[in-house]
>>> print(open('data.txt').read())   # compact mmCIF, C-alpha atoms
# COMPACT_ATOMS: atom_id res chain seq x y z
CA MET L 207 30.29 34.04 -44.39
CA TYR L 208 28.95 30.59 -43.49
CA PRO L 209 27.38 28.24 -46.02
CA ILE L 210 23.62 28.03 -46.06
CA ILE L 211 22.29 24.49 -45.61
CA PRO L 212 19.26 23.87 -47.83
CA PRO L 213 16.18 22.62 -45.94
CA HIS L 214 15.91 19.43 -47.95
CA ILE L 215 19.23 18.22 -46.52
CA ILE L 216 17.69 17.67 -43.06
CA SER L 217 15.81 14.56 -44.14
CA VAL L 218 18.84 13.02 -45.90
CA ASP L 219 20.93 10.22 -44.43
CA VAL L 220 23.76 11.40 -42.16
CA ARG L 221 26.50 9.94 -44.37
CA LYS L 222 25.24 11.85 -47.35
CA LYS L 223 25.17 15.08 -45.40
CA ASN L 224 28.93 15.24 -45.25
CA GLU L 225 29.17 14.76 -49.06
CA ILE L 226 26.65 17.53 -49.69
CA ILE L 227 28.48 19.93 -47.37
CA HIS L 228 31.78 19.08 -49.08
CA ASN L 229 30.30 19.81 -52.52
CA LEU L 230 28.85 23.10 -51.32
CA LEU L 231 32.19 24.21 -49.99
CA ASN L 232 33.89 23.39 -53.29
CA ASN L 233 31.22 25.12 -55.36
CA MET L 234 31.41 28.31 -53.30
CA LYS L 235 35.20 28.13 -53.40
CA LEU L 236 35.52 28.76 -49.72
CA LYS L 237 39.05 27.63 -49.08
CA GLN L 238 39.22 29.05 -45.62
CA ILE L 239 36.25 28.55 -43.39
CA ASN L 240 35.83 28.35 -39.73
CA VAL L 241 35.87 24.67 -38.87
CA LEU L 242 33.89 25.42 -35.77
CA ALA L 243 31.02 26.71 -37.93
CA ILE L 244 30.88 23.44 -39.86
CA MET L 245 30.89 21.43 -36.65
CA LEU L 246 28.12 23.56 -35.28
CA ALA L 247 26.15 23.17 -38.47
CA THR L 248 26.55 19.43 -38.62
CA GLY L 249 25.93 19.18 -34.91
CA GLY L 250 22.72 21.06 -35.38
CA LEU L 251 21.75 18.60 -38.04
CA ILE L 252 22.34 15.45 -36.02
CA LEU L 253 21.20 16.89 -32.65
CA PRO L 254 17.50 16.18 -33.21
CA SER L 255 18.32 12.56 -33.92
CA CYS L 256 20.44 12.17 -30.72
CA LYS L 257 17.81 13.88 -28.66
CA GLY L 258 15.20 11.59 -29.98
CA ASN L 259 17.27 8.55 -29.01
CA SER L 260 17.77 9.84 -25.45
CA ASN L 261 14.04 10.43 -25.10
CA GLN L 262 13.35 6.89 -26.20
CA GLN L 263 15.81 5.54 -23.61
CA ALA L 264 14.26 7.65 -20.89
CA GLN L 265 10.86 6.30 -21.78
CA GLY L 266 11.94 2.71 -22.22
CA GLY L 267 14.74 1.98 -19.73
CA GLN L 268 15.29 4.71 -17.11
CA ALA L 269 12.40 3.83 -14.75
CA PRO L 270 13.71 1.44 -12.03
CA GLU L 271 12.09 -1.98 -11.80
CA LEU L 272 10.72 -2.48 -8.27
CA ALA L 273 8.62 -5.18 -6.63
CA VAL L 274 5.04 -4.29 -5.75
CA MET L 275 2.01 -6.06 -4.30
CA THR L 276 -1.72 -5.64 -4.66
CA VAL L 277 -3.55 -5.05 -1.38
CA SER L 278 -6.46 -7.41 -0.71
CA GLU L 279 -8.69 -8.31 2.21
CA ASN L 280 -7.96 -11.61 3.92
CA ASP L 281 -8.03 -13.18 7.34
CA ALA L 282 -4.68 -12.54 9.01
CA ALA L 283 -2.99 -13.48 12.27
CA LEU L 284 -0.26 -11.44 13.92
CA GLU L 285 1.83 -12.94 16.69
CA THR L 286 3.04 -10.76 19.53
CA ALA L 287 6.27 -12.08 21.07
CA TYR L 288 7.04 -12.01 24.80
CA PRO L 289 10.47 -13.03 26.15
CA THR L 290 10.15 -15.95 28.52
CA SER L 291 12.10 -18.33 30.74
CA LEU L 292 11.07 -21.94 31.28
CA GLU L 293 10.73 -23.91 34.47
CA GLY L 294 9.76 -27.51 35.08
CA GLU L 295 6.35 -28.43 36.39
CA ASN L 296 7.93 -29.20 39.74
CA ASP L 297 11.55 -28.19 40.40
CA VAL L 298 12.57 -29.92 43.62
CA GLU L 299 15.68 -29.06 45.61
CA ILE L 300 17.41 -32.23 46.74
CA ARG L 301 18.94 -31.84 50.22
CA PRO L 302 20.06 -34.52 52.68
CA GLN L 303 18.06 -34.84 55.89
CA VAL L 304 21.00 -36.11 57.92
CA SER L 305 24.62 -35.08 58.20
CA GLY L 306 27.46 -37.30 57.03
CA PHE L 307 29.93 -38.06 54.29
CA LEU L 308 28.79 -38.88 50.77
CA THR L 309 29.76 -42.47 50.03
CA LYS L 310 28.16 -42.85 46.58
CA VAL L 311 26.88 -40.56 43.82
CA LEU L 312 24.66 -42.82 41.73
CA VAL L 313 23.47 -40.40 39.00
CA GLU L 314 24.95 -38.02 36.46
CA ASP L 315 24.08 -34.46 35.48
CA GLY L 316 21.13 -34.40 33.09
CA GLN L 317 20.11 -37.99 33.76
CA HIS L 318 16.41 -38.86 33.76
CA VAL L 319 15.40 -40.60 36.98
CA SER L 320 12.21 -42.18 38.25
CA LYS L 321 10.38 -41.48 41.47
CA GLY L 322 11.98 -43.42 44.37
CA GLN L 323 15.30 -44.02 42.58
CA VAL L 324 18.37 -43.70 44.82
CA LEU L 325 20.48 -40.66 43.90
CA PHE L 326 23.08 -40.48 46.72
CA THR L 327 24.11 -42.52 49.74
CA ILE L 328 25.54 -41.11 53.00
CA ASP L 329 27.80 -42.94 55.45
CA GLN L 330 25.57 -45.33 57.41
CA VAL L 331 27.93 -46.47 60.19
CA GLN L 332 26.86 -43.96 62.82
CA LEU L 333 23.25 -44.14 61.74
CA GLN L 334 23.21 -47.93 62.02
CA ALA L 335 24.80 -47.67 65.46
CA ALA L 336 22.04 -45.32 66.52
CA VAL L 337 19.47 -47.89 65.40
CA ASP L 338 21.20 -50.65 67.40
CA GLN L 339 21.29 -48.42 70.46
CA ALA L 340 17.60 -47.62 70.11
CA GLN L 341 16.75 -51.30 69.80
CA ALA L 342 18.65 -52.00 73.03
CA ALA L 343 16.77 -49.22 74.77
CA VAL L 344 13.50 -50.78 73.66
CA ALA L 345 14.56 -54.15 75.06
CA VAL L 346 15.45 -52.59 78.44
CA ALA L 347 12.16 -50.73 78.57
CA GLN L 348 10.26 -53.89 77.73
CA ALA L 349 12.01 -55.73 80.59
CA ASN L 350 11.09 -52.93 82.99
CA VAL L 351 7.48 -53.20 81.90
CA ASN L 352 7.48 -56.94 82.52
CA THR L 353 8.97 -56.45 86.02
CA ALA L 354 6.50 -53.71 86.90
CA ALA L 355 3.61 -55.80 85.66
CA THR L 356 4.64 -58.77 87.81
CA SER L 357 4.96 -56.53 90.86
CA ALA L 358 1.56 -55.00 90.27
CA ASN L 359 -0.10 -58.39 89.89
CA ASN L 360 1.42 -59.67 93.14
CA ASN L 361 0.37 -56.55 95.01
CA LYS L 362 -3.18 -57.05 93.74
CA ILE L 363 -3.29 -60.49 95.35
CA LEU L 364 -1.92 -59.11 98.59
CA LEU L 365 -4.43 -56.30 98.54
CA ASP L 366 -7.29 -58.74 98.11
CA LYS L 367 -6.06 -60.57 101.26
CA ASN L 368 -5.71 -57.25 103.12
CA ILE L 369 -1.99 -57.85 103.53
CA ILE L 370 -0.98 -54.50 101.96
CA SER L 371 -2.69 -51.21 101.85
CA ALA L 372 -4.38 -49.76 98.79
CA SER L 373 -1.73 -47.07 98.53
CA ALA L 374 1.00 -49.66 98.24
CA TYR L 375 -0.87 -51.39 95.48
CA GLN L 376 -1.41 -48.07 93.69
CA THR L 377 2.32 -47.38 93.81
CA SER L 378 3.03 -50.60 91.95
CA VAL L 379 0.42 -49.76 89.34
CA ASP L 380 1.99 -46.33 88.78
CA ALA L 381 5.38 -47.95 88.38
CA LEU L 382 3.91 -50.23 85.71
CA ASN L 383 2.45 -47.27 83.84
CA ALA L 384 5.79 -45.46 84.00
CA ALA L 385 7.58 -48.49 82.61
CA LYS L 386 5.08 -48.70 79.74
CA ALA L 387 5.65 -45.01 78.95
CA GLN L 388 9.39 -45.54 78.89
CA LEU L 389 8.85 -48.44 76.49
CA GLN L 390 6.87 -46.20 74.14
CA GLN L 391 9.61 -43.61 74.33
CA ALA L 392 12.25 -46.19 73.47
CA LYS L 393 10.18 -47.44 70.56
CA ALA L 394 9.85 -43.85 69.25
CA GLY L 395 13.61 -43.47 69.48
CA LEU L 396 14.02 -46.66 67.48
CA THR L 397 11.63 -45.39 64.82
CA SER L 398 13.56 -42.13 64.56
CA ALA L 399 16.87 -43.96 64.32
CA LYS L 400 15.55 -46.21 61.56
CA LYS L 401 14.16 -43.20 59.73
CA ASN L 402 17.51 -41.44 59.90
CA LEU L 403 19.15 -44.59 58.60
CA SER L 404 16.75 -44.55 55.65
CA TYR L 405 17.71 -40.93 55.00
CA SER L 406 21.23 -42.12 54.26
CA SER L 407 19.83 -43.14 50.87
CA VAL L 408 18.73 -39.93 49.13
CA THR L 409 15.95 -40.83 46.69
CA ALA L 410 14.08 -38.92 43.98
CA PRO L 411 10.75 -37.57 45.27
CA VAL L 412 9.46 -37.18 41.70
CA SER L 413 10.43 -38.32 38.22
CA GLY L 414 12.47 -35.81 36.26
CA ILE L 415 15.85 -34.59 35.07
CA VAL L 416 18.82 -34.27 37.40
CA GLY L 417 20.45 -30.86 37.46
CA ASP L 418 24.03 -29.93 38.26
CA ILE L 419 25.77 -32.05 40.91
CA PRO L 420 28.59 -29.99 42.46
CA TYR L 421 29.48 -32.48 45.23
CA LYS L 422 31.49 -35.66 44.86
CA GLU L 423 32.07 -38.75 46.99
CA GLY L 424 33.72 -38.00 50.32
CA THR L 425 32.14 -34.57 50.74
CA LEU L 426 30.70 -33.77 54.15
CA VAL L 427 27.06 -32.75 53.71
CA SER L 428 24.29 -31.55 56.01
CA PRO L 429 20.60 -30.64 55.72
CA SER L 430 21.64 -27.18 54.50
CA THR L 431 23.57 -28.62 51.54
CA LEU L 432 21.88 -28.40 48.11
CA LEU L 433 22.94 -31.60 46.38
CA THR L 434 21.10 -30.92 43.11
CA ILE L 435 17.77 -29.80 41.63
CA LEU L 436 15.41 -32.37 40.18
CA SER L 437 13.14 -30.98 37.49
CA SER L 438 9.89 -32.71 36.64
CA ASN L 439 9.57 -31.71 32.98
CA ASN L 440 6.51 -33.57 31.74
CA GLN L 441 4.98 -30.14 31.44
CA MET L 442 6.97 -26.94 31.20
CA ARG L 443 5.90 -23.58 32.54
CA ALA L 444 6.78 -20.46 30.59
CA TYR L 445 6.75 -17.26 32.65
CA PHE L 446 6.68 -13.82 31.03
CA SER L 447 5.50 -10.27 31.72
CA MET L 448 2.59 -8.43 30.13
CA ASN L 449 2.32 -4.66 30.45
CA GLU L 450 -0.67 -2.88 31.93
CA LYS L 451 -2.06 -1.78 28.55
CA ALA L 452 -2.05 -5.35 27.23
CA VAL L 453 -3.85 -6.58 30.34
CA LEU L 454 -6.49 -3.86 29.97
CA ASP L 455 -6.95 -4.78 26.31
CA LEU L 456 -7.52 -8.42 27.27
CA THR L 457 -10.15 -7.48 29.85
CA ASP L 458 -11.86 -4.85 27.66
CA GLY L 459 -10.70 -2.08 29.92
CA GLY L 460 -11.43 -4.01 33.09
CA LYS L 461 -15.00 -4.96 32.12
CA ARG L 462 -14.19 -8.68 32.07
CA LEU L 463 -12.68 -10.89 34.72
CA ILE L 464 -9.08 -11.94 34.11
CA LYS L 465 -10.12 -15.58 34.49
CA ASP L 466 -12.70 -15.25 31.70
CA ALA L 467 -10.22 -13.43 29.46
CA VAL L 468 -7.62 -16.18 30.00
CA ASN L 469 -10.12 -18.90 29.10
CA ASP L 470 -10.90 -17.13 25.80
CA LEU L 471 -7.28 -16.77 24.76
CA PRO L 472 -6.16 -18.93 21.81
CA GLU L 473 -3.36 -21.45 21.98
CA VAL L 474 0.12 -19.94 22.02
CA SER L 475 3.40 -20.98 20.42
CA LEU L 476 6.94 -21.04 21.72
CA ARG L 477 9.90 -19.78 19.69
CA LEU L 478 13.09 -21.38 20.97
CA ALA L 479 16.46 -19.69 21.32
CA THR L 480 17.48 -21.31 18.01
CA GLY L 481 14.71 -19.39 16.22
CA ASN L 482 12.69 -22.55 15.56
CA VAL L 483 9.09 -22.82 16.75
CA TYR L 484 8.41 -25.58 19.29
CA PRO L 485 6.18 -28.23 17.64
CA TYR L 486 3.64 -28.40 20.48
CA LYS L 487 1.15 -25.64 21.27
CA GLY L 488 0.72 -24.26 24.77
CA LYS L 489 -1.99 -22.56 26.77
CA ILE L 490 -1.97 -19.50 29.02
CA VAL L 491 -3.32 -20.65 32.38
CA SER L 492 -2.99 -17.60 34.63
CA ILE L 493 -2.32 -13.87 34.77
CA SER L 494 -1.47 -12.34 38.12
CA GLY L 495 -4.10 -9.97 39.44
CA VAL L 496 -1.51 -7.61 40.94
CA LEU L 497 0.84 -5.51 38.84
CA ASP L 498 4.49 -5.18 39.77
CA GLN L 499 4.84 -1.55 40.85
CA SER L 500 8.47 -1.39 39.75
CA THR L 501 7.77 -2.57 36.18
CA GLY L 502 4.05 -1.93 35.73
CA SER L 503 3.55 -5.44 34.38
CA ALA L 504 1.68 -8.60 35.31
CA ARG L 505 3.21 -12.06 35.57
CA VAL L 506 1.77 -14.53 33.06
CA LYS L 507 2.14 -18.31 33.06
CA ALA L 508 1.74 -20.56 30.03
CA VAL L 509 2.02 -24.36 30.08
CA PHE L 510 3.55 -26.44 27.26
CA PRO L 511 3.58 -30.25 27.01
CA ASN L 512 7.01 -31.84 26.86
CA PRO L 513 6.54 -35.47 25.83
CA ASP L 514 9.92 -35.71 24.07
CA GLY L 515 11.89 -34.07 26.88
CA MET L 516 13.15 -31.39 24.50
CA LEU L 517 12.60 -28.55 26.97
CA HIS L 518 14.54 -28.11 30.20
CA SER L 519 14.39 -25.77 33.14
CA GLY L 520 16.34 -22.61 32.39
CA ASN L 521 15.59 -22.58 28.65
CA THR L 522 14.71 -19.19 27.21
CA GLY L 523 12.61 -18.19 24.22
CA GLU L 524 9.57 -16.18 23.22
CA VAL L 525 5.88 -16.90 23.78
CA LEU L 526 3.93 -16.02 20.62
CA ILE L 527 0.34 -14.89 21.24
CA PRO L 528 -1.72 -14.73 18.01
CA SER L 529 -4.26 -12.00 17.24
CA ILE L 530 -6.81 -12.94 14.57
CA TYR L 531 -8.11 -10.29 12.14
CA THR L 532 -10.90 -11.07 9.68
CA ASN L 533 -11.27 -9.23 6.34
CA SER L 534 -8.14 -7.22 7.03
CA MET L 535 -5.40 -5.76 4.84
CA SER L 536 -1.79 -6.63 5.62
CA ILE L 537 1.42 -5.36 4.07
CA PRO L 538 5.09 -6.17 4.81
CA GLN L 539 6.81 -3.90 7.28
CA ASN L 540 9.61 -3.29 4.78
CA ALA L 541 7.01 -1.63 2.54
CA THR L 542 6.61 1.22 5.06
CA TYR L 543 8.65 4.04 6.52
CA GLU L 544 8.01 6.29 9.48
CA VAL L 545 8.13 10.05 9.93
CA GLN L 546 7.36 11.54 13.35
CA ASP L 547 5.54 8.38 14.53
CA ILE L 548 3.38 8.31 11.39
CA LYS L 549 3.76 5.38 9.02
CA PHE L 550 3.74 5.84 5.25
CA CYS L 551 3.85 3.61 2.18
CA PHE L 552 4.19 4.26 -1.54
CA VAL L 553 1.10 3.59 -3.68
CA VAL L 554 1.50 3.12 -7.44
CA GLY L 555 -0.82 5.43 -9.37
CA ASP L 556 -1.44 6.27 -13.03
CA SER L 557 1.48 5.88 -15.43
CA ALA L 558 3.33 3.88 -12.76
CA LYS L 559 3.95 7.02 -10.72
CA VAL L 560 4.23 6.48 -6.97
CA HIS L 561 2.94 8.76 -4.26
CA SER L 562 3.42 8.64 -0.49
CA THR L 563 0.35 7.69 1.56
CA ALA L 564 -0.09 7.87 5.34
CA ILE L 565 -1.50 4.73 6.97
CA THR L 566 -2.50 3.54 10.42
CA VAL L 567 -1.78 0.01 11.62
CA ALA L 568 -2.91 -2.33 14.38
CA PRO L 569 -0.84 -2.27 17.58
CA GLU L 570 0.24 -5.92 17.25
CA ASN L 571 3.73 -6.30 15.86
CA ASP L 572 5.22 -9.62 14.75
CA GLY L 573 8.28 -8.01 13.19
CA LYS L 574 7.22 -8.98 9.64
CA ASN L 575 3.82 -7.54 8.70
CA TYR L 576 1.42 -4.75 9.62
CA ILE L 577 -2.36 -4.94 9.69
CA VAL L 578 -3.51 -1.73 7.96
CA THR L 579 -6.61 -0.24 9.55
CA SER L 580 -6.84 2.91 7.39
CA GLY L 581 -5.10 4.68 4.52
CA LEU L 582 -5.37 1.89 1.95
CA LYS L 583 -8.18 0.13 0.15
CA PRO L 584 -8.39 -3.25 -1.57
CA GLY L 585 -6.84 -3.10 -5.02
CA ASP L 586 -4.17 -0.51 -4.19
CA VAL L 587 -0.71 -1.39 -5.47
CA VAL L 588 2.02 -0.84 -2.89
CA VAL L 589 5.77 -0.73 -3.48
CA THR L 590 7.56 -3.41 -1.43
CA GLU L 591 11.16 -2.89 -2.58
CA GLY L 592 13.54 0.01 -1.99
CA VAL L 593 11.22 1.84 0.42
CA GLY L 594 13.25 4.21 2.55
CA ILE L 595 16.28 3.70 0.31
CA SER L 596 15.70 4.58 -3.32
CA VAL L 597 11.97 5.21 -3.74
CA ARG L 598 10.92 8.86 -3.75
CA ASP L 599 7.52 10.48 -3.86
CA GLY L 600 6.48 11.24 -7.45
CA MET L 601 9.03 9.00 -9.17
CA VAL L 602 8.05 6.68 -12.02
CA ILE L 603 8.87 2.99 -11.63
CA THR L 604 8.53 -0.23 -13.56
CA PRO L 605 6.35 -2.45 -11.35
CA LYS L 606 6.92 -6.18 -11.22
CA ASN L 607 4.80 -8.94 -9.76
CA ALA L 608 1.67 -6.78 -9.82
CA ALA L 609 -1.09 -7.39 -12.33
CA THR L 610 -2.86 -4.11 -11.70
CA ALA L 611 0.19 -2.03 -12.50
CA ALA L 612 1.18 -3.86 -15.70
CA PRO L 613 -1.11 -1.95 -18.16
CA ALA L 614 0.71 1.29 -17.40
CA GLN L 615 3.88 0.09 -19.11
CA PRO L 616 2.42 -1.11 -22.47
CA GLN L 617 0.68 2.24 -22.90
CA ALA L 618 3.97 4.04 -22.45
CA SER L 619 5.76 1.74 -24.89
CA GLU L 620 2.97 2.18 -27.52
CA ALA L 621 3.26 5.94 -27.23
CA SER L 622 7.01 5.74 -27.79
CA GLN L 623 6.49 3.55 -30.84
CA GLU L 624 3.94 5.94 -32.41
CA ALA L 625 6.29 8.95 -32.22
CA PRO L 626 8.86 7.66 -34.79
CA ALA L 627 6.05 6.63 -37.11
CA LYS L 628 4.61 10.13 -37.13
CA GLU L 629 8.06 11.61 -37.81
CA GLU L 630 8.52 9.25 -40.74
CA GLN L 631 5.14 10.32 -42.10
CA LYS L 632 6.26 13.90 -41.91
>>> encode(input="data.txt", output="structure tokens")
Amino acid sequence: MYPIIPPHIISVDVRKKNEIIHNLLNNMKLKQINVLAIMLATGGLILPSCKGNSNQQAQGGQAPELAVMTVSENDAALETAYPTSLEGENDVEIRPQVSGFLTKVLVEDGQHVSKGQVLFTIDQVQLQAAVDQAQAAVAVAQANVNTAATSANNNKILLDKNIISASAYQTSVDALNAAKAQLQQAKAGLTSAKKNLSYSSVTAPVSGIVGDIPYKEGTLVSPSTLLTILSSNNQMRAYFSMNEKAVLDLTDGGKRLIKDAVNDLPEVSLRLATGNVYPYKGKIVSISGVLDQSTGSARVKAVFPNPDGMLHSGNTGEVLIPSIYTNSMSIPQNATYEVQDIKFCFVVGDSAKVHSTAITVAPENDGKNYIVTSGLKPGDVVVTEGVGISVRDGMVITPKNAATAAPAQPQASEASQEAPAKEEQK
């Protein structure tokens, strides 16, 4: 038979309970009792107290603390990135116009040169000899002209005195004209020889940056030899591709001319390969009117100023085209998750309980934020931490950094504080 615990013992302090049980056992003279029964009895006495403590912990500390944000309407700009490669305003291939051996290389790779500056020199010995030969040919032709002129003048006197026939005089005149033609031919040869001699000094046709120079002094070069590429980089051209859908969106489905759409585009930015944004803004100047059939995209050209010479031909990066939205709602992309091409986010409701909400977003994607077009309203509190990892639909959280969600927690804590007071009153 187990001892009966009087009801008034339940409200007594735990330490006194053991004394009361001990006295009861002595009074009833129960020398052999099932220890398990006593443990069950005492466990039953202290169980309500333990349970109450666990409930208080569940209410006060079990809900995870997660970052949230309050959705509001603001003007927002999303930047769509397009991979690009840069070229100079005028990339000129430097090739010699005469054949010969390089005698001097006067510039280095990457050096900035001015228009007209000498870059290379080619052996001038044979070219100078050609000039001397052409000058001699001119002198001979000039002497032949003088001789023919003298003969023609003499024949004119003889013709006037009827000493020679008119045909004889005409022959001398034709000889003079032939000599003059040969003189012009010799002079042209001299001009060509001098021009070839000038080609022995390879000069810069434009100002710019010297590219790679693979040839050294002593190399035999010809007009087919590419000595280097000279890039005029005062302005840089960024080329990238835009798909057919993007082109149609720019032209309102083909209702506007591409030229008009380009003129209305805002200034664009350039993200360098380092991840930094180039300090100068650029402008899109053209979009090709013919799509590449193999890729279904149009070729786009943007121009960026390069006053500091930071950009070079061959640089890569991303052209950032902004899209401006007025009175729009934006949320971080890490606050969303996707199921079967539908995007969802977690909205904090009453008592800090979250529920999953489907949303639709604008097509622009900058890799950081979404512009929400439906599914949310201003004032909604959205979870921005742990989405897709630890947050589950219907769970209770402890919001942080959100003013609208804060009142939910004090109410819960007040309710937990009232419960012990009512028990004490009982």
>>> closest_residue(input="data.txt", among="L:Pro513, L:Gly520, L:Gly294, L:Pro528", to="L:Lys489", atoms="all atoms listed in the file")
L:Pro528
>>> residues_around(input="data.txt", residues="L:Ser357", least_positions_apart="2", cutoff="10 Å", atoms="all atoms listed in the file", output="PyMOL selection string")
chain L and resi 351-355+359-362+375+377-379+381-382
>>> closest_residue(input="data.txt", among="L:Ser536, L:Ser475, L:Gln268, L:Thr563", to="L:Glu285", atoms="all atoms listed in the file")
L:Ser475
>>> atom_distance(input="data.txt", atom1="atom CA of L:Val468", atom2="atom CA of L:Val506")
10.0 Å
>>> residues_near_point(input="data.txt", point="(14.9, -39.1, 40.6)", cutoff="9 Å", atoms="only C-alpha atoms", output="compact mmCIF listing (two decimals) with C-alpha atoms, in the frame of the given file")
# COMPACT_ATOMS: atom_id res chain seq x y z
CA VAL L 313 23.47 -40.40 39.00
CA GLN L 317 20.11 -37.99 33.76
CA HIS L 318 16.41 -38.86 33.76
CA VAL L 319 15.40 -40.60 36.98
CA SER L 320 12.21 -42.18 38.25
CA LYS L 321 10.38 -41.48 41.47
CA GLY L 322 11.98 -43.42 44.37
CA GLN L 323 15.30 -44.02 42.58
CA VAL L 324 18.37 -43.70 44.82
CA LEU L 325 20.48 -40.66 43.90
CA THR L 409 15.95 -40.83 46.69
CA ALA L 410 14.08 -38.92 43.98
CA PRO L 411 10.75 -37.57 45.27
CA VAL L 412 9.46 -37.18 41.70
CA SER L 413 10.43 -38.32 38.22
CA GLY L 414 12.47 -35.81 36.26
CA ILE L 415 15.85 -34.59 35.07
CA VAL L 416 18.82 -34.27 37.40
CA LEU L 436 15.41 -32.37 40.18
CA SER L 437 13.14 -30.98 37.49
>>> atom_distance(input="data.txt", atom1="atom CA of L:Thr532", atom2="atom CA of L:Leu284")
11.5 Å
>>> closest_residue(input="data.txt", among="L:Asp599, L:Glu524, L:Asp380, L:Asp315", to="L:Tyr288", atoms="all atoms listed in the file")
L:Glu524
>>> residues_around(input="data.txt", residues="L:Lys559", least_positions_apart="3", cutoff="7 Å", atoms="all atoms listed in the file", output="list in words")
Val554, Gly555, Asp556, Gly600, Met601, Val602 and Ile603 of chain L
>>> residues_around(input="data.txt", residues="L:Lys310", least_positions_apart="4", cutoff="8 Å", atoms="only C-alpha atoms", output="PyMOL selection string")
chain L and resi 326-328+423
>>> atom_distance(input="data.txt", atom1="atom CA of L:Ala541", atom2="atom CA of L:Pro569")
17.0 Å
>>> axis_aligned_box(input="data.txt", around="stretch 272-285 of chain L", padding_each_side="4 Å", output="AutoDock Vina command-line options")
--center_x 1.0 --center_y -8.0 --center_z 4.2 --size_x 27.4 --size_y 19.0 --size_z 33.0
>>> closest_residue(input="data.txt", among="L:Tyr543, L:Tyr405, L:Tyr486, L:Tyr445", to="L:Val589", atoms="only C-alpha atoms")
L:Tyr543
>>> residues_near_point(input="data.txt", point="(27.2, -36.1, 54.8)", cutoff="9 Å", atoms="only C-alpha atoms", output="mmCIF file with C-alpha atoms, keeping the file's coordinate frame")
data_model
loop_
_atom_site.group_PDB
_atom_site.id
_atom_site.type_symbol
_atom_site.label_atom_id
_atom_site.label_comp_id
_atom_site.auth_asym_id
_atom_site.auth_seq_id
_atom_site.Cartn_x
_atom_site.Cartn_y
_atom_site.Cartn_z
ATOM 1 C CA PRO L 302 20.060 -34.520 52.680
ATOM 2 C CA VAL L 304 21.000 -36.110 57.920
ATOM 3 C CA SER L 305 24.620 -35.080 58.200
ATOM 4 C CA GLY L 306 27.460 -37.300 57.030
ATOM 5 C CA PHE L 307 29.930 -38.060 54.290
ATOM 6 C CA LEU L 308 28.790 -38.880 50.770
ATOM 7 C CA THR L 309 29.760 -42.470 50.030
ATOM 8 C CA THR L 327 24.110 -42.520 49.740
ATOM 9 C CA ILE L 328 25.540 -41.110 53.000
ATOM 10 C CA ASP L 329 27.800 -42.940 55.450
ATOM 11 C CA SER L 406 21.230 -42.120 54.260
ATOM 12 C CA GLY L 424 33.720 -38.000 50.320
ATOM 13 C CA THR L 425 32.140 -34.570 50.740
ATOM 14 C CA LEU L 426 30.700 -33.770 54.150
ATOM 15 C CA VAL L 427 27.060 -32.750 53.710
ATOM 16 C CA SER L 428 24.290 -31.550 56.010
ATOM 17 C CA PRO L 429 20.600 -30.640 55.720
ATOM 18 C CA THR L 431 23.570 -28.620 51.540
#
>>> residues_around(input="data.txt", residues="L:Leu389", least_positions_apart="4", cutoff="7 Å", atoms="only C-alpha atoms", output="list in words")
Val344, Ala347, Gln348, Ala385 and Lys393 of chain L
>>> closest_atom_pairs(input="data.txt", of="stretch 465-508 of chain L", to="stretch 456-461 of chain L", cutoff="9 Å", atoms="only C-alpha atoms", output="tab-separated table")
residue	atom	partner	partner_atom	distance
L:Asp466	CA	L:Thr457	CA	8.4
L:Ala467	CA	L:Thr457	CA	6.0
L:Val468	CA	L:Leu456	CA	8.2
L:Leu471	CA	L:Leu456	CA	8.7
>>> write_last_selection(input="data.txt", atoms="C-alpha atoms", output="compact mmCIF listing (two decimals), in the frame of the given file")
# COMPACT_ATOMS: atom_id res chain seq x y z
CA ASP L 466 -12.70 -15.25 31.70
CA ALA L 467 -10.22 -13.43 29.46
CA VAL L 468 -7.62 -16.18 30.00
CA LEU L 471 -7.28 -16.77 24.76
>>> closest_atom_pairs(input="data.txt", of="stretch 502-521 of chain L", to="stretch 446-452 of chain L", cutoff="6 Å", atoms="only C-alpha atoms", output="JSON lines")
{"residue": "L:Ser503", "atom": "CA", "partner": "L:Asn449", "partner_atom": "CA", "distance": 4.2}
{"residue": "L:Ala504", "atom": "CA", "partner": "L:Met448", "partner_atom": "CA", "distance": 5.3}
{"residue": "L:Arg505", "atom": "CA", "partner": "L:Ser447", "partner_atom": "CA", "distance": 4.8}
{"residue": "L:Val506", "atom": "CA", "partner": "L:Phe446", "partner_atom": "CA", "distance": 5.4}
